[in-house]
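Colleague: Just passing along the structure, written as structure tokens.
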Amino acid sequence: MNAAATPATPATPAAKRPAGRGRNLELPEHLKAYKGVWVFIEHDRGHVHSVSWELLGEARKLADKLGSSVGVAILGGPDEKLEAFAAEAFGYGADKAYIVHDPVLLGYRNEPFTKGLTDLVNKYQPEILLLGATSMGRDLAGSVATTLLTGLTADCTELNIDPTSRALAATRPTFGGSLLCTIMTLAYRPQMATVRPRVMAMPRAEEGRSGEVVQETLGMVESSIVTKLLDFLPDATSNQINLPYADVIVSGGKGLKNPENFKLVFELARVLGGEVGATRPCVQAGWVEADRQVGQTGKTVRPKLYIAAGISGAIQHRVGMESSDVIVAINTDPNAPIFDFAHYGIVGNALQVLPALTAAFAEHLGKRRRLVA
């Protein structure tokens with residue numbers, strides 16, 4: 001399914017068009033100068049969010065198809081190590097780093113970051129701009145797209161270049177996850193998209209790779225900014241459930257019948273040293289916390305092992321876990337959709353299979369520990 005994502009207001013004044021089929025989807029001449037693929041580098045407390053490196057891997061692929069370069073935009077305070085982040089970005093495929101140091105950029109606020117990023121885009125004119133679909137990225141992407149009067153495709157699961165138009169083809173779930181829609185911003189630049197963490201694979205860093213650093217200024221005073229950053233209060237519970245970065249996840253669905261049976265999922269995850277995931281119906285029923293939901297409206301995960309118990313495999317769940325290295329599905333229905341993309345399938349009752357797997361893994365891992373000791 002293809003659609004043209006266009007904002008309500010055109011970037012430049014245009015003659016009045018007739019209603020209906022008169023919309024022009026050709027790229028205006030003044031926008032044909034936009035070249036290159038950019039990634040906004042998200043960082044906080046001295047650390048870059050891994051989604052930025054994941055996006056750099058995709059940006060490199062897109063730029064190679066277009067025959068263009070990869071740039072990164074890095075904004076921060078006067079003493080933040082933005083140049084070190086740039087050096088790391090070069091290793092992941094960037095060719096240029098556009099850096100802005102300014103006191104008002106110490107700690108994320110929408111207004112100064114929006115101005116900083118839009119100023120860079122207007123001056124250097126990249127044709128594609130990618131951001132992580134994090135709390136910061138979603139907030140910033142919407143305001144930047146609005147300011148630049150361009151299109152934005154959110155929560156993408158795939159990025160590609162359309163061979164005919166050479167436009168960014170951004171694919172995302174739609175209609176409640178029942179369809180995958182590919183959207184192209186044909187008549188506006190830059191083309192913007194956000195991607196959730198762990199949707200794209202982490203690229204390998206190339207040692208010794210270098211690039212060009214371009215320093216820019218913001219020219220914004222603190223008194224002109226409405227919001228003020230008073231303090232930073234870390235979330236004391238933020239590390240209790242960390243699904244996106246777990247190597248092993250055992251997930252349960254409504255096929256487990258009731259919350260008491262869901263304890264079988266926790267027991268297997270404990271033996272494997274993994275995390276517990278769940279489908280949306282389980283979360284809505286109150287069986288587990290919302291932070292354990294995997295899928296379109298939950299977390300996107302990419303573990304080494306994903307065990308799905310009592311999960312049918314609807315597309316809403318699939319888009320959140322299909323990139324797992326190994327998927328093991330347990331379901332009583334041999335025609336369940338999850339068997340179409342699982343690497344291994346067990347046709348059986350999860351209430352019987354889960355305890356058997358827990359016992360087998362406990363015995364096997366116990367033997368390994370004794371051998372090591």
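Residues are named by chain letter and number: chains run A, B, ... in the order of the structure tokens, numbers start at 1 in each chain, and ligands are numbered from 1 in the order shown.
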Within 12 Å of Gly91 (chain A), counting only C-alpha atoms, which residues show up once you throw out same-chain ones fewer than 5 positions away? Write them as a PyMOL selection string, please.

Modeller: chain A and resi 53+56-57+60+70+84-86+96-97+203-211

Colleague: Export C-alpha atoms of the chosen residues as a compact mmCIF listing (two decimals), in the first residue's frame?

Modeller:
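Output below, filename again03.txt:
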# COMPACT_ATOMS: atom_id res chain seq x y z
CA TRP A 53 23.76 3.92 16.04
CA LEU A 56 23.22 5.17 11.32
CA GLY A 57 23.45 1.63 9.97
CA ARG A 60 24.46 4.23 5.42
CA VAL A 70 25.67 10.39 5.70
CA ALA A 84 33.72 12.17 20.94
CA PHE A 85 30.19 11.22 19.89
CA ALA A 86 31.05 12.37 16.36
CA LYS A 96 30.12 14.43 8.40
CA ALA A 97 29.14 15.59 11.87
CA PRO A 203 25.81 -2.03 12.77
CA ARG A 204 29.41 -3.05 13.29
CA ALA A 205 31.77 -0.20 14.06
CA GLU A 206 34.70 0.25 11.66
CA GLU A 207 37.89 1.02 13.56
CA GLY A 208 39.90 3.99 12.32
CA ARG A 209 37.16 5.42 10.12
CA SER A 210 37.09 9.24 10.19
CA GLY A 211 35.02 12.10 8.85

Colleague: Could you pull the residues within 9 Å of Thr297 (chain A), counting only C-alpha atoms, minus those fewer than 3 positions along the same chain, as an NGL selection string?

Modeller: :A and (280 or 293-294 or 300 or 316-317 or 320)

Colleague: Can I get the selected residues back with all heavy atoms, as a tab-separated table (two decimals), in the first residue's frame?

Modeller:
chain	number	residue	atom	x	y	z
A	280	ARG	N	-0.72	-7.69	24.16
A	280	ARG	CA	-1.57	-6.59	24.63
A	280	ARG	C	-2.79	-7.07	25.43
A	280	ARG	O	-3.12	-6.49	26.46
A	280	ARG	CB	-2.00	-5.74	23.43
A	280	ARG	CG	-2.87	-4.55	23.81
A	280	ARG	CD	-3.18	-3.68	22.61
A	280	ARG	NE	-4.00	-2.54	22.95
A	280	ARG	CZ	-4.35	-1.60	22.10
A	280	ARG	NH1	-3.96	-1.67	20.84
A	280	ARG	NH2	-5.11	-0.58	22.49
A	293	GLN	N	4.69	-5.33	27.71
A	293	GLN	CA	3.98	-5.56	26.45
A	293	GLN	C	4.93	-5.48	25.26
A	293	GLN	O	5.68	-4.53	25.11
A	293	GLN	CB	2.86	-4.53	26.27
A	293	GLN	CG	2.04	-4.74	25.02
A	293	GLN	CD	0.94	-3.71	24.87
A	293	GLN	OE1	0.40	-3.24	25.86
A	293	GLN	NE2	0.61	-3.36	23.65
A	294	VAL	N	4.88	-6.50	24.41
A	294	VAL	CA	5.67	-6.55	23.19
A	294	VAL	C	4.73	-6.37	22.01
A	294	VAL	O	3.69	-7.03	21.93
A	294	VAL	CB	6.41	-7.90	23.06
A	294	VAL	CG1	7.14	-7.99	21.73
A	294	VAL	CG2	7.38	-8.08	24.22
A	300	THR	N	9.52	-2.89	21.21
A	300	THR	CA	10.13	-3.63	20.10
A	300	THR	C	11.38	-4.30	20.64
A	300	THR	O	12.22	-3.65	21.26
A	300	THR	CB	10.50	-2.70	18.95
A	300	THR	OG1	9.31	-2.05	18.48
A	300	THR	CG2	11.12	-3.48	17.80
A	316	GLN	N	0.09	-7.24	15.05
A	316	GLN	CA	0.38	-6.25	16.10
A	316	GLN	C	1.49	-6.73	17.01
A	316	GLN	O	2.31	-5.94	17.48
A	316	GLN	CB	-0.88	-5.97	16.93
A	316	GLN	CG	-1.98	-5.25	16.17
A	316	GLN	CD	-2.97	-6.20	15.55
A	316	GLN	OE1	-2.62	-7.33	15.21
A	316	GLN	NE2	-4.20	-5.75	15.40
A	317	HIS	N	1.54	-8.04	17.28
A	317	HIS	CA	2.61	-8.60	18.11
A	317	HIS	C	3.85	-8.87	17.27
A	317	HIS	O	4.98	-8.63	17.72
A	317	HIS	CB	2.14	-9.90	18.77
A	317	HIS	CG	3.11	-10.45	19.78
A	317	HIS	ND1	3.27	-9.91	21.03
A	317	HIS	CD2	3.98	-11.49	19.71
A	317	HIS	CE1	4.20	-10.59	21.69
A	317	HIS	NE2	4.65	-11.54	20.91
A	320	GLY	N	6.69	-6.35	16.77
A	320	GLY	CA	7.52	-6.03	17.91
A	320	GLY	C	8.59	-7.06	18.22
A	320	GLY	O	9.48	-6.79	19.04

Colleague: With distances taken over only C-alpha atoms, which residue among A:Glu363, A:Ala63, A:Ile41, A:Glu111 lies nearest Glu88 (chain A)?

Modeller: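 Smallest distance to Glu88 (chain A) is found for A:Ile41.
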
Colleague: Among region 88-202 of chain A, which residues carry a DSSP assignment of strand (DSSP E), reported as a VMD selection string?

Modeller: chain A and resid 96 to 101 128 to 132 152 to 156 158 to 161 168 to 174 179 to 184 191 to 195

Colleague: Dump N, CA and C atoms for the selected residues as a CSV table (one decimal), in the first residue's frame?

Modeller:
chain,number,residue,atom,x,y,z
A,96,LYS,N,30.0,13.1,7.8
A,96,LYS,CA,30.1,14.4,8.4
A,96,LYS,C,29.3,14.5,9.7
A,97,ALA,N,29.8,15.3,10.6
A,97,ALA,CA,29.1,15.6,11.9
A,97,ALA,C,28.9,17.1,12.0
A,98,TYR,N,27.7,17.5,12.2
A,98,TYR,CA,27.3,18.9,12.4
A,98,TYR,C,27.1,19.1,13.9
A,99,ILE,N,27.9,19.9,14.5
A,99,ILE,CA,27.9,20.0,16.0
A,99,ILE,C,27.6,21.4,16.4
A,100,VAL,N,26.7,21.5,17.4
A,100,VAL,CA,26.3,22.8,17.9
A,100,VAL,C,26.4,22.7,19.5
A,101,HIS,N,27.4,23.5,20.0
A,101,HIS,CA,27.6,23.7,21.4
A,101,HIS,C,26.9,25.0,21.9
A,128,ILE,N,17.0,13.5,3.7
A,128,ILE,CA,16.4,12.5,4.6
A,128,ILE,C,16.9,12.9,6.0
A,129,LEU,N,16.0,12.9,7.0
A,129,LEU,CA,16.3,13.1,8.4
A,129,LEU,C,15.7,12.0,9.2
A,130,LEU,N,16.5,11.3,10.0
A,130,LEU,CA,16.0,10.2,10.8
A,130,LEU,C,16.2,10.4,12.3
A,131,LEU,N,15.2,10.1,13.1
A,131,LEU,CA,15.3,10.2,14.5
A,131,LEU,C,14.8,9.0,15.2
A,132,GLY,N,15.3,8.7,16.4
A,132,GLY,CA,14.7,7.6,17.2
A,132,GLY,C,13.3,7.9,17.7
A,152,LEU,N,6.3,13.6,7.9
A,152,LEU,CA,6.9,12.8,8.9
A,152,LEU,C,6.2,11.5,9.0
A,153,THR,N,6.9,10.3,8.9
A,153,THR,CA,6.4,9.0,9.1
A,153,THR,C,6.9,8.5,10.4
A,154,ALA,N,6.0,8.1,11.3
A,154,ALA,CA,6.4,7.7,12.7
A,154,ALA,C,6.4,6.2,12.9
A,155,ASP,N,7.3,5.8,13.8
A,155,ASP,CA,7.3,4.4,14.2
A,155,ASP,C,7.5,3.4,13.0
A,156,CYS,N,8.5,3.7,12.2
A,156,CYS,CA,8.7,2.8,11.0
A,156,CYS,C,9.3,1.5,11.4
A,158,GLU,N,10.5,-0.4,8.6
A,158,GLU,CA,11.4,-0.6,7.5
A,158,GLU,C,11.7,0.7,6.7
A,159,LEU,N,12.9,0.9,6.3
A,159,LEU,CA,13.2,2.1,5.5
A,159,LEU,C,13.9,1.6,4.2
A,160,ASN,N,13.5,2.2,3.1
A,160,ASN,CA,14.1,1.8,1.8
A,160,ASN,C,14.0,3.0,0.8
A,161,ILE,N,14.6,2.9,-0.3
A,161,ILE,CA,14.6,3.9,-1.4
A,161,ILE,C,13.7,3.4,-2.5
A,168,LEU,N,12.3,8.4,-0.1
A,168,LEU,CA,12.3,7.5,1.1
A,168,LEU,C,11.0,6.7,1.1
A,169,ALA,N,11.1,5.4,1.1
A,169,ALA,CA,9.9,4.6,1.3
A,169,ALA,C,9.9,4.1,2.7
A,170,ALA,N,9.1,4.7,3.6
A,170,ALA,CA,9.0,4.3,5.0
A,170,ALA,C,7.8,3.5,5.3
A,171,THR,N,8.0,2.3,5.8
A,171,THR,CA,6.9,1.4,6.1
A,171,THR,C,6.6,1.3,7.6
A,172,ARG,N,5.3,1.4,7.9
A,172,ARG,CA,4.9,1.3,9.3
A,172,ARG,C,3.5,0.6,9.3
A,173,PRO,N,3.2,0.0,10.5
A,173,PRO,CA,1.9,-0.6,10.7
A,173,PRO,C,0.8,0.4,10.7
A,174,THR,N,-0.4,0.1,10.2
A,174,THR,CA,-1.5,1.0,10.2
A,174,THR,C,-2.8,0.2,10.4
A,179,LEU,N,-2.4,-3.8,8.8
A,179,LEU,CA,-1.8,-3.6,7.5
A,179,LEU,C,-0.4,-3.0,7.7
A,180,LEU,N,0.5,-3.2,6.7
A,180,LEU,CA,1.7,-2.4,6.7
A,180,LEU,C,1.6,-1.4,5.5
A,181,CYS,N,1.8,-0.1,5.8
A,181,CYS,CA,1.7,0.9,4.9
A,181,CYS,C,3.0,1.5,4.5
A,182,THR,N,3.3,1.7,3.3
A,182,THR,CA,4.6,2.3,2.8
A,182,THR,C,4.3,3.7,2.4
A,183,ILE,N,4.9,4.7,3.0
A,183,ILE,CA,4.6,6.1,2.8
A,183,ILE,C,5.8,6.8,2.2
A,184,MET,N,5.5,7.7,1.2
A,184,MET,CA,6.6,8.5,0.6
A,184,MET,C,6.2,9.9,0.6
A,191,GLN,N,12.7,14.5,3.9
A,191,GLN,CA,11.8,13.4,4.2
A,191,GLN,C,12.2,12.9,5.6
A,192,MET,N,11.2,12.9,6.6
A,192,MET,CA,11.5,12.6,7.9
A,192,MET,C,10.8,11.3,8.4
A,193,ALA,N,11.5,10.5,9.2
A,193,ALA,CA,11.0,9.3,9.8
A,193,ALA,C,11.6,9.1,11.2
A,194,THR,N,10.8,8.4,12.0
A,194,THR,CA,11.3,8.0,13.3
A,194,THR,C,11.2,6.4,13.4
A,195,VAL,N,12.1,5.8,14.1
A,195,VAL,CA,12.2,4.4,14.2
A,195,VAL,C,12.4,4.0,15.7

Colleague: May I have the residues within 12 Å of region 137-151 of chain A as a VMD selection string, using only C-alpha atoms and disregarding those fewer than 5 positions away in the same chain?

Modeller: chain A and resid 3 to 12 31 39 to 43 49 51 to 52 108 to 122 125 127 to 132 168 170 183 to 197

Colleague: I need the chosen residues saved as a short mmCIF file (atom, residue, chain, number, x, y, z; two decimals), in the first residue's frame, with C-alpha atoms.

Modeller:
data_model
loop_
_atom_site.label_atom_id
_atom_site.label_comp_id
_atom_site.auth_asym_id
_atom_site.auth_seq_id
_atom_site.Cartn_x
_atom_site.Cartn_y
_atom_site.Cartn_z
CA ALA A 3 0.53 6.75 0.05
CA ALA A 4 1.95 10.23 -0.23
CA ALA A 5 2.55 11.84 3.16
CA THR A 6 2.17 15.59 2.69
CA PRO A 7 1.52 18.34 5.21
CA ALA A 8 -1.53 20.59 4.98
CA THR A 9 0.49 23.71 4.16
CA PRO A 10 2.95 23.75 1.20
CA ALA A 11 6.54 24.80 1.83
CA THR A 12 6.32 27.63 -0.76
CA LEU A 31 14.10 21.23 -3.29
CA VAL A 39 20.63 11.07 11.72
CA PHE A 40 19.92 13.06 14.86
CA ILE A 41 22.25 11.74 17.57
CA GLU A 42 20.33 11.47 20.84
CA HIS A 43 22.44 11.58 23.99
CA HIS A 49 21.17 6.25 22.91
CA VAL A 51 18.92 3.81 18.57
CA SER A 52 21.14 6.51 17.03
CA TYR A 108 16.85 18.50 26.32
CA ARG A 109 14.19 21.15 25.80
CA ASN A 110 12.02 21.25 22.72
CA GLU A 111 12.39 24.91 21.79
CA PRO A 112 16.19 25.27 21.55
CA PHE A 113 16.67 21.80 20.07
CA THR A 114 14.00 22.47 17.44
CA LYS A 115 15.68 25.73 16.43
CA GLY A 116 19.13 24.14 16.40
CA LEU A 117 18.09 21.22 14.22
CA THR A 118 15.91 23.24 11.83
CA ASP A 119 18.70 25.80 11.39
CA LEU A 120 21.10 23.02 10.43
CA VAL A 121 18.60 21.48 7.99
CA ASN A 122 17.83 24.82 6.34
CA GLN A 125 19.70 20.75 3.17
CA GLU A 127 17.03 15.07 1.81
CA ILE A 128 16.36 12.54 4.61
CA LEU A 129 16.33 13.10 8.38
CA LEU A 130 15.99 10.15 10.79
CA LEU A 131 15.32 10.22 14.54
CA GLY A 132 14.74 7.56 17.17
CA LEU A 168 12.34 7.48 1.05
CA ALA A 170 9.01 4.35 4.98
CA ILE A 183 4.60 6.10 2.85
CA MET A 184 6.57 8.45 0.61
CA THR A 185 6.93 12.21 1.06
CA LEU A 186 7.23 13.05 -2.62
CA ALA A 187 6.97 16.84 -2.93
CA TYR A 188 8.66 18.01 0.29
CA ARG A 189 12.12 17.96 1.81
CA PRO A 190 13.56 16.75 4.06
CA GLN A 191 11.79 13.41 4.25
CA MET A 192 11.52 12.57 7.94
CA ALA A 193 10.97 9.30 9.79
CA THR A 194 11.26 7.95 13.32
CA VAL A 195 12.17 4.37 14.19
CA ARG A 196 11.79 2.67 17.57
CA PRO A 197 14.84 1.26 19.39
#

Colleague: Give the helix (DSSP H, G or I) residues of region 50-81 of chain A, as DSSP finds them on the backbone, and put them as number ranges by chain.

Modeller: A: 50-66

Colleague: I need the residues from that last selection saved to file as a PDB file, in the first residue's frame (with N, CA and C atoms), if you can.

Modeller:
ATOM      1  N   SER A  50      21.421   4.031  21.976  1.00  0.00           N
ATOM      2  CA  SER A  50      21.804   3.044  20.956  1.00  0.00           C
ATOM      3  C   SER A  50      20.963   3.137  19.692  1.00  0.00           C
ATOM      4  N   VAL A  51      19.739   3.693  19.777  1.00  0.00           N
ATOM      5  CA  VAL A  51      18.918   3.811  18.571  1.00  0.00           C
ATOM      6  C   VAL A  51      19.596   4.699  17.533  1.00  0.00           C
ATOM      7  N   SER A  52      20.432   5.642  17.977  1.00  0.00           N
ATOM      8  CA  SER A  52      21.141   6.512  17.035  1.00  0.00           C
ATOM      9  C   SER A  52      22.121   5.712  16.183  1.00  0.00           C
ATOM     10  N   TRP A  53      22.823   4.758  16.803  1.00  0.00           N
ATOM     11  CA  TRP A  53      23.756   3.919  16.042  1.00  0.00           C
ATOM     12  C   TRP A  53      22.981   2.959  15.134  1.00  0.00           C
ATOM     13  N   GLU A  54      21.855   2.453  15.604  1.00  0.00           N
ATOM     14  CA  GLU A  54      21.021   1.583  14.763  1.00  0.00           C
ATOM     15  C   GLU A  54      20.546   2.332  13.520  1.00  0.00           C
ATOM     16  N   LEU A  55      20.151   3.586  13.702  1.00  0.00           N
ATOM     17  CA  LEU A  55      19.711   4.399  12.574  1.00  0.00           C
ATOM     18  C   LEU A  55      20.859   4.735  11.634  1.00  0.00           C
ATOM     19  N   LEU A  56      22.069   4.892  12.179  1.00  0.00           N
ATOM     20  CA  LEU A  56      23.222   5.169  11.321  1.00  0.00           C
ATOM     21  C   LEU A  56      23.493   4.012  10.363  1.00  0.00           C
ATOM     22  N   GLY A  57      23.296   2.784  10.853  1.00  0.00           N
ATOM     23  CA  GLY A  57      23.453   1.628   9.971  1.00  0.00           C
ATOM     24  C   GLY A  57      22.480   1.684   8.810  1.00  0.00           C
ATOM     25  N   GLU A  58      21.224   2.069   9.080  1.00  0.00           N
ATOM     26  CA  GLU A  58      20.221   2.196   8.017  1.00  0.00           C
ATOM     27  C   GLU A  58      20.524   3.387   7.116  1.00  0.00           C
ATOM     28  N   ALA A  59      20.975   4.489   7.709  1.00  0.00           N
ATOM     29  CA  ALA A  59      21.305   5.674   6.928  1.00  0.00           C
ATOM     30  C   ALA A  59      22.399   5.389   5.917  1.00  0.00           C
ATOM     31  N   ARG A  60      23.378   4.577   6.327  1.00  0.00           N
ATOM     32  CA  ARG A  60      24.462   4.228   5.423  1.00  0.00           C
ATOM     33  C   ARG A  60      23.947   3.451   4.212  1.00  0.00           C
ATOM     34  N   LYS A  61      23.020   2.526   4.455  1.00  0.00           N
ATOM     35  CA  LYS A  61      22.429   1.753   3.352  1.00  0.00           C
ATOM     36  C   LYS A  61      21.642   2.652   2.404  1.00  0.00           C
ATOM     37  N   LEU A  62      20.848   3.567   2.983  1.00  0.00           N
ATOM     38  CA  LEU A  62      20.043   4.468   2.155  1.00  0.00           C
ATOM     39  C   LEU A  62      20.936   5.386   1.332  1.00  0.00           C
ATOM     40  N   ALA A  63      21.980   5.938   1.974  1.00  0.00           N
ATOM     41  CA  ALA A  63      22.881   6.858   1.274  1.00  0.00           C
ATOM     42  C   ALA A  63      23.631   6.146   0.145  1.00  0.00           C
ATOM     43  N   ASP A  64      24.018   4.898   0.368  1.00  0.00           N
ATOM     44  CA  ASP A  64      24.721   4.150  -0.677  1.00  0.00           C
ATOM     45  C   ASP A  64      23.821   3.928  -1.885  1.00  0.00           C
ATOM     46  N   LYS A  65      22.530   3.704  -1.650  1.00  0.00           N
ATOM     47  CA  LYS A  65      21.589   3.533  -2.768  1.00  0.00           C
ATOM     48  C   LYS A  65      21.390   4.838  -3.536  1.00  0.00           C
ATOM     49  N   LEU A  66      21.461   5.953  -2.815  1.00  0.00           N
ATOM     50  CA  LEU A  66      21.278   7.262  -3.442  1.00  0.00           C
ATOM     51  C   LEU A  66      22.576   7.841  -3.998  1.00  0.00           C
TER      52      LEU A  66
END

Colleague: Quick one: everything within 8 Å of Gly313 (chain A), counting only C-alpha atoms, minus sequence neighbours fewer than 5 positions away in the same chain. Send it as a list in words.

Modeller: Arg318, Ala336, Pro337, Ile338 and Phe339 of chain A

Colleague: If you count only C-alpha atoms, which residues fall within 9 Å of region 307-312 of chain A, apart from same-chain ones fewer than 5 positions away, as an NGL selection string?

Modeller: :A and (248-257 or 265 or 277-279 or 317 or 326-333 or 336-339 or 349-351 or 353-354)

Colleague: So what do you get for CA of Pro303 (chain A) versus CA of Met136 (chain A), distance-wise?

Modeller: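 Separation between CA of Pro303 (chain A) and CA of Met136 (chain A): 24.1 Å.
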
Colleague: Which polymer residues have any atom within 10 Å of an atom of Arg292 (chain A), counting only C-alpha atoms, with same-chain residues fewer than 2 positions away left out, as a VMD selection string?

Modeller: chain A and resid 241 to 244 251 275 to 280 282 to 283 288 to 290 294 to 295 298 to 299

Colleague: Just how far from CA of Tyr245 (chain A) is CA of Leu268 (chain A), in Å to one decimal?

Modeller: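 Interatomic distance, CA of Leu268 (chain A) to CA of Tyr245 (chain A): 18.2 Å.
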
Colleague: Kindly indicate which residue among A:Leu229, A:Leu75, A:Ala167, A:Val104 lies nearest to Lys32 (chain A), using only C-alpha atoms for the distances.

Modeller: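 Of the candidates, the smallest distance to Lys32 (chain A) is held by A:Ala167.
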
Colleague: When distances are computed from only C-alpha atoms, which of A:Arg302, A:Phe262, A:Tyr34, A:Leu272 shows the smallest separation from Trp287 (chain A)?

Modeller: A:Phe262

Colleague: Counting only C-alpha atoms, which residue out of A:Ala314, A:Leu230, A:Ala285, A:Val347 sits closest to Gly107 (chain A)?

Modeller: A:Leu230

Colleague: Between CA of Pro163 (chain A) and CA of Ser324 (chain A), what is the distance, to one decimal in Å?

Modeller: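 Computed distance, CA of Pro163 (chain A) to CA of Ser324 (chain A), equals 28.7 Å.
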
Colleague: Which is closest to Arg270 (chain A) among A:Gln284, A:Ser135, A:Thr164, A:Thr358, if we use only C-alpha atoms?

Modeller: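 Using only C-alpha atoms, the shortest distance to Arg270 (chain A) belongs to A:Thr358.
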